[in-house]
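Below is the file work11.txt, which contains compact mmCIF, C-alpha atoms.
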```txt
# COMPACT_ATOMS: atom_id res chain seq x y z
CA HIS A 147 0.00 0.00 0.00
CA LEU A 148 1.17 3.52 -0.84
CA HIS A 149 1.60 6.03 1.99
CA PRO A 150 2.16 9.34 0.21
CA THR A 151 3.69 12.20 2.19
CA LEU A 152 1.88 14.79 0.06
CA ILE A 153 -0.57 14.70 -2.85
CA PHE A 154 -0.90 17.30 -5.61
CA LEU A 155 -4.34 16.93 -7.16
CA ASP A 156 -5.61 18.36 -10.44
CA LEU A 157 -9.39 18.68 -10.33
CA ILE A 158 -9.65 18.12 -14.08
CA LEU A 159 -8.60 14.54 -14.89
CA PRO A 160 -9.52 12.24 -17.78
CA ASP A 161 -11.64 9.99 -15.56
CA SER A 162 -12.74 12.50 -12.90
CA TYR A 163 -13.77 16.12 -12.70
CA GLY A 164 -14.19 18.65 -9.91
CA LEU A 165 -14.50 17.94 -6.20
CA SER A 166 -15.43 14.30 -6.81
CA SER A 167 -11.72 13.73 -7.52
CA LEU A 168 -10.85 15.19 -4.13
CA THR A 169 -13.40 12.99 -2.38
CA ALA A 170 -12.06 9.85 -4.06
CA ILE A 171 -8.43 10.63 -3.20
CA LYS A 172 -9.30 11.42 0.43
CA GLN A 173 -10.97 8.02 0.75
CA LEU A 174 -7.89 6.28 -0.65
CA TYR A 175 -5.32 8.24 1.38
CA PRO A 176 -7.08 9.78 4.42
CA ALA A 177 -3.79 10.57 6.22
CA ALA A 178 -2.11 12.40 3.33
CA PRO A 179 -2.20 16.22 2.96
CA ILE A 180 -3.66 17.34 -0.36
CA ILE A 181 -2.87 20.47 -2.37
CA VAL A 182 -5.33 21.14 -5.16
CA LEU A 183 -3.82 22.45 -8.39
CA SER A 184 -6.26 23.97 -10.85
CA GLY A 185 -6.22 26.07 -13.96
CA ILE A 186 -9.49 27.63 -12.83
CA HIS A 187 -9.28 30.89 -10.89
CA ASP A 188 -12.52 30.39 -8.95
CA LEU A 189 -12.74 31.62 -5.34
CA GLN A 190 -15.90 29.63 -4.63
CA LEU A 191 -14.32 26.42 -5.93
CA ALA A 192 -11.23 27.10 -3.81
CA LEU A 193 -13.38 27.53 -0.67
CA GLU A 194 -15.33 24.36 -1.44
CA ALA A 195 -12.09 22.43 -1.94
CA LEU A 196 -10.77 23.60 1.43
CA GLN A 197 -14.10 22.78 3.11
CA SER A 198 -14.01 19.33 1.50
CA GLY A 199 -10.66 18.48 3.04
CA SER A 200 -7.83 19.83 0.95
CA GLN A 201 -5.07 21.70 2.80
CA ASP A 202 -4.49 24.33 0.10
CA TYR A 203 -5.61 25.48 -3.36
CA LEU A 204 -3.17 26.81 -5.96
CA VAL A 205 -3.93 28.17 -9.41
CA LYS A 206 -1.54 26.95 -12.10
CA GLY A 207 0.82 29.65 -13.34
CA GLU A 208 0.10 31.96 -10.41
CA PHE A 209 2.65 30.72 -7.87
CA ASP A 210 6.41 30.67 -7.71
CA GLU A 211 8.89 28.33 -6.03
CA ARG A 212 8.75 30.21 -2.73
CA MET A 213 4.95 30.18 -2.59
CA LEU A 214 4.89 26.48 -3.47
CA SER A 215 7.43 25.66 -0.75
CA ARG A 216 5.40 27.56 1.84
CA SER A 217 2.19 25.87 0.70
CA ILE A 218 3.80 22.44 1.08
CA GLN A 219 5.04 23.19 4.60
CA TYR A 220 1.72 24.65 5.74
CA SER A 221 -0.28 21.81 4.19
CA ILE A 222 1.76 19.13 5.93
CA GLU A 223 1.49 20.97 9.25
CA ARG A 224 -2.27 21.52 8.86
CA LYS A 225 -2.78 17.81 8.14
CA LYS A 226 -0.74 16.83 11.21
CA ASN A 227 -2.90 19.09 13.36
CA GLU A 228 -6.07 17.71 11.77
CA LEU A 229 -5.02 14.10 12.39
CA ALA A 230 -4.01 14.95 15.98
CA LEU A 231 -7.45 16.51 16.57
CA ILE A 232 -9.20 13.46 15.08
CA GLU A 233 -7.13 11.16 17.28
CA SER A 234 -7.88 13.27 20.35
CA GLU A 235 -11.61 13.24 19.60
CA HIS A 236 -11.52 9.49 18.99
CA ARG A 237 -9.70 8.93 22.28
CA LEU A 238 -12.18 11.13 24.15
CA ARG A 239 -15.13 9.39 22.49
CA THR A 240 -13.70 5.99 23.46
CA ILE A 241 -13.30 7.12 27.08
CA LEU A 242 -16.84 8.52 27.17
CA ASN A 243 -18.35 5.39 25.67
CA THR A 244 -16.60 3.10 28.15
CA ASP A 245 -17.46 5.22 31.18
CA PRO A 246 -20.17 3.48 33.25
CA GLU A 247 -21.90 6.77 34.08
CA CYS A 248 -24.30 8.76 31.92
CA ILE A 249 -22.52 11.78 30.41
CA LYS A 250 -24.54 14.27 28.38
CA LEU A 251 -24.41 17.80 26.98
CA MET A 252 -27.55 19.92 27.26
CA GLY A 253 -28.80 23.29 26.04
CA PRO A 254 -30.33 26.01 28.25
CA ASN A 255 -33.79 24.44 27.90
CA CYS A 256 -32.48 20.94 28.71
CA GLU A 257 -32.20 19.98 25.04
CA LEU A 258 -30.07 16.87 24.57
CA PHE A 259 -27.12 17.44 22.22
CA GLU A 260 -24.70 14.66 23.12
CA ILE A 261 -24.85 11.49 25.23
CA ASN A 262 -22.53 8.52 25.71
CA LYS A 263 -23.40 4.84 25.36
CA ALA A 264 -23.85 4.31 29.10
CA GLY A 265 -26.29 7.22 29.12
CA MET A 266 -28.33 5.74 26.30
CA ASP A 267 -28.44 2.41 28.13
CA MET A 268 -29.42 4.09 31.40
CA LEU A 269 -32.22 6.06 29.72
CA ASP A 270 -33.27 3.10 27.52
CA ILE A 271 -32.67 5.17 24.35
CA ASP A 272 -32.41 3.03 21.22
CA ASP A 273 -32.01 5.79 18.63
CA PHE A 274 -30.10 8.96 19.59
CA GLU A 275 -31.20 10.84 16.47
CA ALA A 276 -34.81 10.46 17.57
CA VAL A 277 -34.18 12.40 20.79
CA LYS A 278 -31.35 14.71 19.71
CA GLY A 279 -32.27 18.34 20.31
CA GLN A 280 -35.32 17.36 22.36
CA PRO A 281 -35.79 18.35 26.04
CA ILE A 282 -34.74 15.54 28.35
CA LEU A 283 -36.76 16.60 31.41
CA SER A 284 -39.34 13.88 30.73
CA SER A 285 -36.77 11.38 32.01
CA GLU A 286 -37.16 12.82 35.50
CA ALA A 287 -40.12 12.24 37.77
CA LEU A 288 -42.42 15.28 37.97
CA PRO A 289 -41.40 16.50 41.48
CA TYR A 290 -37.76 16.91 40.33
CA ARG A 291 -38.19 18.53 36.91
CA GLU A 292 -38.26 22.19 37.94
CA LYS A 293 -35.21 21.80 40.15
CA ALA A 294 -33.32 20.04 37.35
CA ALA A 295 -34.30 22.74 34.83
CA GLU A 296 -33.12 25.41 37.27
CA MET A 297 -29.75 23.67 37.68
CA VAL A 298 -29.26 23.53 33.90
CA ARG A 299 -30.06 27.24 33.57
CA SER A 300 -27.66 27.99 36.43
CA ALA A 301 -24.88 26.12 34.61
CA PHE A 302 -25.08 28.75 31.86
CA ASP A 303 -24.48 31.35 34.58
CA GLY A 304 -21.32 29.50 35.61
CA LYS A 305 -22.79 27.61 38.57
CA SER A 306 -22.60 23.90 39.42
CA GLY A 307 -25.16 21.77 41.23
CA GLN A 308 -26.10 18.28 42.39
CA LEU A 309 -29.49 16.59 42.58
CA GLU A 310 -30.78 13.18 43.64
CA PHE A 311 -33.89 12.32 41.66
CA GLU A 312 -36.11 9.52 40.41
CA MET A 313 -35.56 8.73 36.73
CA ILE A 314 -38.25 7.39 34.42
CA THR A 315 -36.63 5.88 31.33
CA ALA A 316 -37.96 5.85 27.78
CA LYS A 317 -39.34 2.36 28.45
CA GLY A 318 -40.93 3.28 31.80
CA THR A 319 -38.27 1.83 34.12
CA HIS A 320 -37.87 3.72 37.41
CA ARG A 321 -34.36 4.35 38.77
CA TRP A 322 -32.90 6.49 41.51
CA CYS A 323 -30.06 8.63 40.21
CA GLU A 324 -27.68 11.36 41.28
CA ILE A 325 -26.65 14.03 38.78
CA ASN A 326 -23.89 16.62 38.84
CA ILE A 327 -24.36 19.53 36.42
CA VAL A 328 -21.49 21.90 35.57
CA PRO A 329 -20.82 24.54 32.89
CA TYR A 330 -19.17 23.26 29.69
CA ARG A 331 -16.92 25.86 28.05
CA ASN A 332 -15.40 26.01 24.57
CA THR A 333 -11.74 26.78 23.85
CA GLU A 334 -12.46 30.51 24.26
CA GLY A 335 -13.90 29.99 27.74
CA VAL A 336 -17.49 30.67 26.67
CA ILE A 337 -20.18 28.48 28.25
CA VAL A 338 -21.84 26.64 25.38
CA ASN A 339 -23.54 23.73 27.14
CA ALA A 340 -24.44 22.25 30.49
CA LEU A 341 -22.53 19.04 31.20
CA GLY A 342 -24.43 16.45 33.23
CA VAL A 343 -22.90 13.34 34.79
CA THR A 344 -25.50 10.92 36.14
CA ARG A 345 -24.90 7.78 38.18
CA ASP A 346 -27.43 5.11 39.07
CA VAL A 347 -27.86 4.98 42.87
CA THR A 348 -30.86 2.62 42.91
CA ALA A 349 -28.94 -0.10 44.77
CA ARG A 350 -27.76 2.38 47.39
CA LYS A 351 -31.29 3.73 47.85
CA LYS A 352 -32.65 0.20 48.29
CA ASN A 353 -29.96 -0.59 50.87
CA GLU A 354 -30.74 2.64 52.72
CA GLU A 355 -34.45 1.80 52.71
CA GLN A 356 -33.81 -1.72 53.96
CA LEU A 357 -31.55 -0.35 56.69
CA ARG A 358 -34.19 2.19 57.69
CA ARG A 359 -36.83 -0.53 57.87
CA SER A 360 -34.58 -2.79 59.91
CA GLU A 361 -33.86 0.12 62.24
CA ASP A 362 -37.60 0.76 62.61
CA ILE A 363 -38.18 -2.92 63.40
CA ARG A 364 -35.31 -2.95 65.88
CA GLU A 365 -36.65 0.14 67.61
CA LEU A 366 -40.14 -1.39 67.74
CA ILE A 367 -38.78 -4.57 69.32
CA MET A 368 -36.61 -2.62 71.75
CA ASP A 369 -39.45 -0.31 72.78
CA SER A 370 -42.06 -3.06 73.23
CA ALA A 371 -39.85 -5.71 74.89
CA LEU A 372 -40.61 -6.71 78.49
CA ASP A 373 -36.92 -7.39 79.15
CA ALA A 374 -34.11 -4.91 79.56
CA ILE A 375 -32.22 -4.73 76.24
CA PHE A 376 -29.08 -2.70 75.72
CA CYS A 377 -26.23 -2.73 73.20
CA ILE A 378 -22.54 -2.14 73.80
CA ASP A 379 -19.49 -1.95 71.57
CA ARG A 380 -16.17 -3.78 72.01
CA GLU A 381 -15.11 -1.29 74.67
CA GLU A 382 -18.34 -1.96 76.61
CA VAL A 383 -19.62 1.52 75.78
CA ILE A 384 -23.42 1.67 75.69
CA PHE A 385 -25.02 2.89 72.45
CA SER A 386 -28.58 1.59 72.89
CA TRP A 387 -30.84 1.35 75.98
CA ASN A 388 -34.52 0.38 75.79
CA PRO A 389 -37.42 1.66 77.99
CA GLN A 390 -37.52 -1.57 80.03
CA ALA A 391 -33.82 -1.10 80.88
CA GLU A 392 -34.75 2.35 82.19
CA LEU A 393 -37.37 0.77 84.47
CA ILE A 394 -35.15 -2.05 85.72
CA PHE A 395 -31.91 -0.10 86.25
CA GLY A 396 -33.38 3.31 86.93
CA TRP A 397 -31.19 5.13 84.38
CA LYS A 398 -32.63 7.18 81.51
CA GLU A 399 -31.25 6.44 78.04
CA GLU A 400 -29.69 9.91 77.70
CA GLU A 401 -27.88 9.33 81.02
CA VAL A 402 -26.14 6.10 79.97
CA LEU A 403 -25.34 6.52 76.28
CA GLY A 404 -21.59 6.77 75.79
CA LYS A 405 -20.78 5.34 79.22
CA LYS A 406 -19.27 1.98 80.07
CA LEU A 407 -21.73 -0.75 81.03
CA SER A 408 -19.79 -1.68 84.17
CA SER A 409 -20.16 1.84 85.54
CA ILE A 410 -23.95 1.60 85.22
CA VAL A 411 -25.08 -1.93 86.09
CA VAL A 412 -22.19 -3.28 88.19
CA PRO A 413 -22.14 -2.13 91.88
CA PRO A 414 -18.96 -0.19 92.73
CA LYS A 415 -17.58 -2.92 95.07
CA TYR A 416 -17.70 -5.50 92.25
CA ARG A 417 -16.25 -3.35 89.49
CA PRO A 418 -12.56 -4.26 90.09
CA LYS A 419 -13.36 -7.95 89.64
CA HIS A 420 -15.53 -7.25 86.64
```

Could you rewrite the structure in this file as structure tokens?
Amino acid sequence: HLHPTLIFLDLILPDSYGLSSLTAIKQLYPAAPIIVLSGIHDLQLALEALQSGSQDYLVKGEFDERMLSRSIQYSIERKKNELALIESEHRLRTILNTDPECIKLMGPNCELFEINKAGMDMLDIDDFEAVKGQPILSSEALPYREKAAEMVRSAFDGKSGQLEFEMITAKGTHRWCEINIVPYRNTEGVIVNALGVTRDVTARKKNEEQLRRSEDIRELIMDSALDAIFCIDREEVIFSWNPQAELIFGWKEEEVLGKKLSSIVVPPKYRPKH
């Protein structure tokens, strides 16, 4: 396979004419810088050639050795920068698409402009083009929509925010999520989007709910038990004391919490042996 360092392309060839020649050569040698040589002095054609991927446009008979040398140097440098940018974008896109969290770019009215693969999976989106440019607030349960919209607007004022909310996906699945929204700036420092990073916290919310329920059950058992029940840590420090313990030992819960059990229930004369 050929790997040309530089290609000079005439737009008028026996088997090809105009910008179609440029398109064909770019497909064959995408990494090679291309300088278009033409006998046509047409500014519009020159602009179209540059927009289509050539690095320069020279009119035959209207350049000298010095101009040609400069064009070659600039074209090679421009192509290097273009390939570096493509590689950087590809690397960033790969990172975004392998990140397990939902990453998206939004407009001031919560319009969806970009989203990574994890985000599409989280939101149950099958076709990005079908939702591109559309407000994404419908993915949030009604009580959280205004707060989310306010955070997006604030991002365009340079502010960041965090929100825990209930998500409703495109297929009706309910998830608990946490989102961080920050301003997204272009290379000139201008805020052009709101960047949202969303993580699924459904498992954590379920664990918290189970823990809360178990705590409620424990408190119910402790409060209704006919026996004295108390809990201590490894240092014998009391951290739980039920109502029946108050009746039996005569100490209120607030009086014993944080104290050693031996100092409460063991008579002073027996404490050394204990």

- request: Considering all atoms listed in the file, return as JSON, numbers by chain whatever protein or nucleic-acid residues lie within 8 Å of segment 317-327 of chain A, sequence-local ones (same chain, fewer than 6 positions apart) excluded.
  value: {"A": [270, 297, 298, 301, 306, 307, 308, 309, 310, 311, 340, 341, 342, 343, 344, 345, 346, 347, 348, 351]}

Could you write out that same residue set with C-alpha atoms as a PDB file, in the frame of the given file?
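Printed below is selection_19.pdb as written:
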```pdb
ATOM      1  CA  ASP A 270     -33.270   3.100  27.520  1.00  0.00           C
ATOM      2  CA  MET A 297     -29.750  23.670  37.680  1.00  0.00           C
ATOM      3  CA  VAL A 298     -29.260  23.530  33.900  1.00  0.00           C
ATOM      4  CA  ALA A 301     -24.880  26.120  34.610  1.00  0.00           C
ATOM      5  CA  SER A 306     -22.600  23.900  39.420  1.00  0.00           C
ATOM      6  CA  GLY A 307     -25.160  21.770  41.230  1.00  0.00           C
ATOM      7  CA  GLN A 308     -26.100  18.280  42.390  1.00  0.00           C
ATOM      8  CA  LEU A 309     -29.490  16.590  42.580  1.00  0.00           C
ATOM      9  CA  GLU A 310     -30.780  13.180  43.640  1.00  0.00           C
ATOM     10  CA  PHE A 311     -33.890  12.320  41.660  1.00  0.00           C
ATOM     11  CA  ALA A 340     -24.440  22.250  30.490  1.00  0.00           C
ATOM     12  CA  LEU A 341     -22.530  19.040  31.200  1.00  0.00           C
ATOM     13  CA  GLY A 342     -24.430  16.450  33.230  1.00  0.00           C
ATOM     14  CA  VAL A 343     -22.900  13.340  34.790  1.00  0.00           C
ATOM     15  CA  THR A 344     -25.500  10.920  36.140  1.00  0.00           C
ATOM     16  CA  ARG A 345     -24.900   7.780  38.180  1.00  0.00           C
ATOM     17  CA  ASP A 346     -27.430   5.110  39.070  1.00  0.00           C
ATOM     18  CA  VAL A 347     -27.860   4.980  42.870  1.00  0.00           C
ATOM     19  CA  THR A 348     -30.860   2.620  42.910  1.00  0.00           C
ATOM     20  CA  LYS A 351     -31.290   3.730  47.850  1.00  0.00           C
TER      21      LYS A 351
END
```

query: Any idea what's packed within 12 Å of Asn227 of chain A, counting only C-alpha atoms, ignoring anything in its chain fewer than 6 positions away? Could you give it as a PyMOL selection string?
result: chain A and resi 177+179+201+220-221+233-234

Take the residues just selected and output them with C-alpha atoms as a PDB file, keeping the file's coordinate frame.
```
ATOM      1  CA  ALA A 177      -3.790  10.570   6.220  1.00  0.00           C
ATOM      2  CA  PRO A 179      -2.200  16.220   2.960  1.00  0.00           C
ATOM      3  CA  GLN A 201      -5.070  21.700   2.800  1.00  0.00           C
ATOM      4  CA  TYR A 220       1.720  24.650   5.740  1.00  0.00           C
ATOM      5  CA  SER A 221      -0.280  21.810   4.190  1.00  0.00           C
ATOM      6  CA  GLU A 233      -7.130  11.160  17.280  1.00  0.00           C
ATOM      7  CA  SER A 234      -7.880  13.270  20.350  1.00  0.00           C
TER       8      SER A 234
END
```

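Comparing the minimum interatomic distances between Gly304 of chain A and each of A:Arg212, A:Lys406, A:Arg331, A:Arg350, counting all atoms listed in the file, we find that A:Arg331 sits nearest.
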
- request: Within 9 Å of Ile261 of chain A, counting only C-alpha atoms, which residues show up once you throw out same-chain ones fewer than 2 positions away? Write them as a PyMOL selection string, please.
  value: chain A and resi 242-243+248-251+258-259+263-266+274

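With atom CA of Asp369 of chain A on one side and atom CA of Pro414 of chain A on the other, the separation reads 28.6 Å.
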
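Rounded to one decimal, atom CA of Arg380 of chain A and atom CA of Leu403 of chain A lie 14.4 Å from each other.
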
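Across the model, the gap from atom CA of Gly279 of chain A to atom CA of Arg237 of chain A is 24.5 Å.
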
Protein, DNA and RNA residues within 12 Å of (-4.4, 24.2, -5.0), only C-alpha atoms, as an mmCIF file with C-alpha atoms, in the frame of the given file:
```
data_model
loop_
_atom_site.group_PDB
_atom_site.id
_atom_site.type_symbol
_atom_site.label_atom_id
_atom_site.label_comp_id
_atom_site.auth_asym_id
_atom_site.auth_seq_id
_atom_site.Cartn_x
_atom_site.Cartn_y
_atom_site.Cartn_z
ATOM 1 C CA ILE A 153 -0.570 14.700 -2.850
ATOM 2 C CA PHE A 154 -0.900 17.300 -5.610
ATOM 3 C CA LEU A 155 -4.340 16.930 -7.160
ATOM 4 C CA ASP A 156 -5.610 18.360 -10.440
ATOM 5 C CA LEU A 157 -9.390 18.680 -10.330
ATOM 6 C CA LEU A 165 -14.500 17.940 -6.200
ATOM 7 C CA LEU A 168 -10.850 15.190 -4.130
ATOM 8 C CA PRO A 179 -2.200 16.220 2.960
ATOM 9 C CA ILE A 180 -3.660 17.340 -0.360
ATOM 10 C CA ILE A 181 -2.870 20.470 -2.370
ATOM 11 C CA VAL A 182 -5.330 21.140 -5.160
ATOM 12 C CA LEU A 183 -3.820 22.450 -8.390
ATOM 13 C CA SER A 184 -6.260 23.970 -10.850
ATOM 14 C CA GLY A 185 -6.220 26.070 -13.960
ATOM 15 C CA ILE A 186 -9.490 27.630 -12.830
ATOM 16 C CA HIS A 187 -9.280 30.890 -10.890
ATOM 17 C CA ASP A 188 -12.520 30.390 -8.950
ATOM 18 C CA LEU A 189 -12.740 31.620 -5.340
ATOM 19 C CA LEU A 191 -14.320 26.420 -5.930
ATOM 20 C CA ALA A 192 -11.230 27.100 -3.810
ATOM 21 C CA LEU A 193 -13.380 27.530 -0.670
ATOM 22 C CA GLU A 194 -15.330 24.360 -1.440
ATOM 23 C CA ALA A 195 -12.090 22.430 -1.940
ATOM 24 C CA LEU A 196 -10.770 23.600 1.430
ATOM 25 C CA GLY A 199 -10.660 18.480 3.040
ATOM 26 C CA SER A 200 -7.830 19.830 0.950
ATOM 27 C CA GLN A 201 -5.070 21.700 2.800
ATOM 28 C CA ASP A 202 -4.490 24.330 0.100
ATOM 29 C CA TYR A 203 -5.610 25.480 -3.360
ATOM 30 C CA LEU A 204 -3.170 26.810 -5.960
ATOM 31 C CA VAL A 205 -3.930 28.170 -9.410
ATOM 32 C CA LYS A 206 -1.540 26.950 -12.100
ATOM 33 C CA GLY A 207 0.820 29.650 -13.340
ATOM 34 C CA GLU A 208 0.100 31.960 -10.410
ATOM 35 C CA PHE A 209 2.650 30.720 -7.870
ATOM 36 C CA MET A 213 4.950 30.180 -2.590
ATOM 37 C CA LEU A 214 4.890 26.480 -3.470
ATOM 38 C CA SER A 217 2.190 25.870 0.700
ATOM 39 C CA ILE A 218 3.800 22.440 1.080
ATOM 40 C CA SER A 221 -0.280 21.810 4.190
#
```

message: Using only C-alpha atoms for the distances, tell me which of A:Ile378, A:Met252, A:Ala178, A:Leu152 is nearest to Val328 of chain A.
response: A:Met252

May I have the residues within 9 Å of Ala287 of chain A as a CSV table (one decimal) with C-alpha atoms, keeping the file's coordinate frame, using only C-alpha atoms and disregarding those fewer than 2 positions away in the same chain?
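To be explicit, this is the file written out as out_25.csv:
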```
chain,number,residue,atom,x,y,z
A,283,LEU,CA,-36.8,16.6,31.4
A,284,SER,CA,-39.3,13.9,30.7
A,285,SER,CA,-36.8,11.4,32.0
A,289,PRO,CA,-41.4,16.5,41.5
A,290,TYR,CA,-37.8,16.9,40.3
A,291,ARG,CA,-38.2,18.5,36.9
A,311,PHE,CA,-33.9,12.3,41.7
A,312,GLU,CA,-36.1,9.5,40.4
A,313,MET,CA,-35.6,8.7,36.7
A,314,ILE,CA,-38.2,7.4,34.4
A,320,HIS,CA,-37.9,3.7,37.4
```

- request: List the neighbours of Ile384 of chain A out to 12 Å using only C-alpha atoms; skip same-chain residues closer than 5 positions along the sequence, and give me the result as a VMD selection string.
  value: chain A and resid 375 to 379 391 399 to 411

Some atoms are missing, so please complete segment 266-290 of chain A with N, CA and C atoms and return it as a PDB file, in the coordinates of the input.
```
ATOM      1  N   MET A 266     -27.239   6.289  27.106  1.00  0.00           N
ATOM      2  CA  MET A 266     -28.330   5.740  26.300  1.00  0.00           C
ATOM      3  C   MET A 266     -28.886   4.470  26.928  1.00  0.00           C
ATOM      4  N   ASP A 267     -27.993   3.635  27.465  1.00  0.00           N
ATOM      5  CA  ASP A 267     -28.440   2.410  28.130  1.00  0.00           C
ATOM      6  C   ASP A 267     -29.240   2.743  29.397  1.00  0.00           C
ATOM      7  N   MET A 268     -28.747   3.722  30.162  1.00  0.00           N
ATOM      8  CA  MET A 268     -29.420   4.090  31.400  1.00  0.00           C
ATOM      9  C   MET A 268     -30.817   4.647  31.142  1.00  0.00           C
ATOM     10  N   LEU A 269     -30.939   5.432  30.053  1.00  0.00           N
ATOM     11  CA  LEU A 269     -32.220   6.060  29.720  1.00  0.00           C
ATOM     12  C   LEU A 269     -33.079   5.194  28.800  1.00  0.00           C
ATOM     13  N   ASP A 270     -32.557   3.999  28.436  1.00  0.00           N
ATOM     14  CA  ASP A 270     -33.270   3.100  27.520  1.00  0.00           C
ATOM     15  C   ASP A 270     -33.543   3.768  26.167  1.00  0.00           C
ATOM     16  N   ILE A 271     -32.548   4.514  25.659  1.00  0.00           N
ATOM     17  CA  ILE A 271     -32.670   5.170  24.350  1.00  0.00           C
ATOM     18  C   ILE A 271     -32.076   4.248  23.294  1.00  0.00           C
ATOM     19  N   ASP A 272     -32.881   3.895  22.290  1.00  0.00           N
ATOM     20  CA  ASP A 272     -32.410   3.030  21.220  1.00  0.00           C
ATOM     21  C   ASP A 272     -31.834   3.819  20.046  1.00  0.00           C
ATOM     22  N   ASP A 273     -32.417   4.996  19.782  1.00  0.00           N
ATOM     23  CA  ASP A 273     -32.010   5.790  18.630  1.00  0.00           C
ATOM     24  C   ASP A 273     -31.739   7.225  19.082  1.00  0.00           C
ATOM     25  N   PHE A 274     -30.455   7.616  19.115  1.00  0.00           N
ATOM     26  CA  PHE A 274     -30.100   8.960  19.590  1.00  0.00           C
ATOM     27  C   PHE A 274     -30.700  10.043  18.708  1.00  0.00           C
ATOM     28  N   GLU A 275     -30.698   9.821  17.390  1.00  0.00           N
ATOM     29  CA  GLU A 275     -31.200  10.840  16.470  1.00  0.00           C
ATOM     30  C   GLU A 275     -32.662  11.182  16.744  1.00  0.00           C
ATOM     31  N   ALA A 276     -33.391  10.223  17.296  1.00  0.00           N
ATOM     32  CA  ALA A 276     -34.810  10.460  17.570  1.00  0.00           C
ATOM     33  C   ALA A 276     -35.024  11.411  18.745  1.00  0.00           C
ATOM     34  N   VAL A 277     -34.030  11.540  19.606  1.00  0.00           N
ATOM     35  CA  VAL A 277     -34.180  12.400  20.790  1.00  0.00           C
ATOM     36  C   VAL A 277     -33.225  13.599  20.759  1.00  0.00           C
ATOM     37  N   LYS A 278     -32.322  13.623  19.790  1.00  0.00           N
ATOM     38  CA  LYS A 278     -31.350  14.710  19.710  1.00  0.00           C
ATOM     39  C   LYS A 278     -32.055  16.047  19.540  1.00  0.00           C
ATOM     40  N   GLY A 279     -31.666  17.008  20.363  1.00  0.00           N
ATOM     41  CA  GLY A 279     -32.270  18.340  20.310  1.00  0.00           C
ATOM     42  C   GLY A 279     -33.580  18.465  21.052  1.00  0.00           C
ATOM     43  N   GLN A 280     -34.065  17.351  21.619  1.00  0.00           N
ATOM     44  CA  GLN A 280     -35.320  17.360  22.360  1.00  0.00           C
ATOM     45  C   GLN A 280     -35.054  17.540  23.859  1.00  0.00           C
ATOM     46  N   PRO A 281     -35.960  18.227  24.582  1.00  0.00           N
ATOM     47  CA  PRO A 281     -35.790  18.350  26.040  1.00  0.00           C
ATOM     48  C   PRO A 281     -35.783  16.989  26.700  1.00  0.00           C
ATOM     49  N   ILE A 282     -34.921  16.836  27.701  1.00  0.00           N
ATOM     50  CA  ILE A 282     -34.740  15.540  28.350  1.00  0.00           C
ATOM     51  C   ILE A 282     -35.407  15.488  29.719  1.00  0.00           C
ATOM     52  N   LEU A 283     -36.142  16.539  30.082  1.00  0.00           N
ATOM     53  CA  LEU A 283     -36.760  16.600  31.410  1.00  0.00           C
ATOM     54  C   LEU A 283     -37.784  15.491  31.640  1.00  0.00           C
ATOM     55  N   SER A 284     -38.339  14.944  30.561  1.00  0.00           N
ATOM     56  CA  SER A 284     -39.340  13.880  30.730  1.00  0.00           C
ATOM     57  C   SER A 284     -38.753  12.632  31.355  1.00  0.00           C
ATOM     58  N   SER A 285     -37.403  12.543  31.387  1.00  0.00           N
ATOM     59  CA  SER A 285     -36.770  11.380  32.010  1.00  0.00           C
ATOM     60  C   SER A 285     -36.720  11.506  33.528  1.00  0.00           C
ATOM     61  N   GLU A 286     -37.176  12.618  34.062  1.00  0.00           N
ATOM     62  CA  GLU A 286     -37.160  12.820  35.500  1.00  0.00           C
ATOM     63  C   GLU A 286     -38.584  12.858  36.019  1.00  0.00           C
ATOM     64  N   ALA A 287     -38.796  12.255  37.166  1.00  0.00           N
ATOM     65  CA  ALA A 287     -40.120  12.240  37.770  1.00  0.00           C
ATOM     66  C   ALA A 287     -40.563  13.690  38.020  1.00  0.00           C
ATOM     67  N   LEU A 288     -41.858  13.930  37.935  1.00  0.00           N
ATOM     68  CA  LEU A 288     -42.420  15.280  37.970  1.00  0.00           C
ATOM     69  C   LEU A 288     -41.921  16.146  39.123  1.00  0.00           C
ATOM     70  N   PRO A 289     -41.817  15.625  40.365  1.00  0.00           N
ATOM     71  CA  PRO A 289     -41.400  16.500  41.480  1.00  0.00           C
ATOM     72  C   PRO A 289     -39.984  17.072  41.330  1.00  0.00           C
ATOM     73  N   TYR A 290     -39.164  16.501  40.440  1.00  0.00           N
ATOM     74  CA  TYR A 290     -37.760  16.910  40.330  1.00  0.00           C
ATOM     75  C   TYR A 290     -37.471  17.743  39.082  1.00  0.00           C
TER      76      TYR A 290
END
```
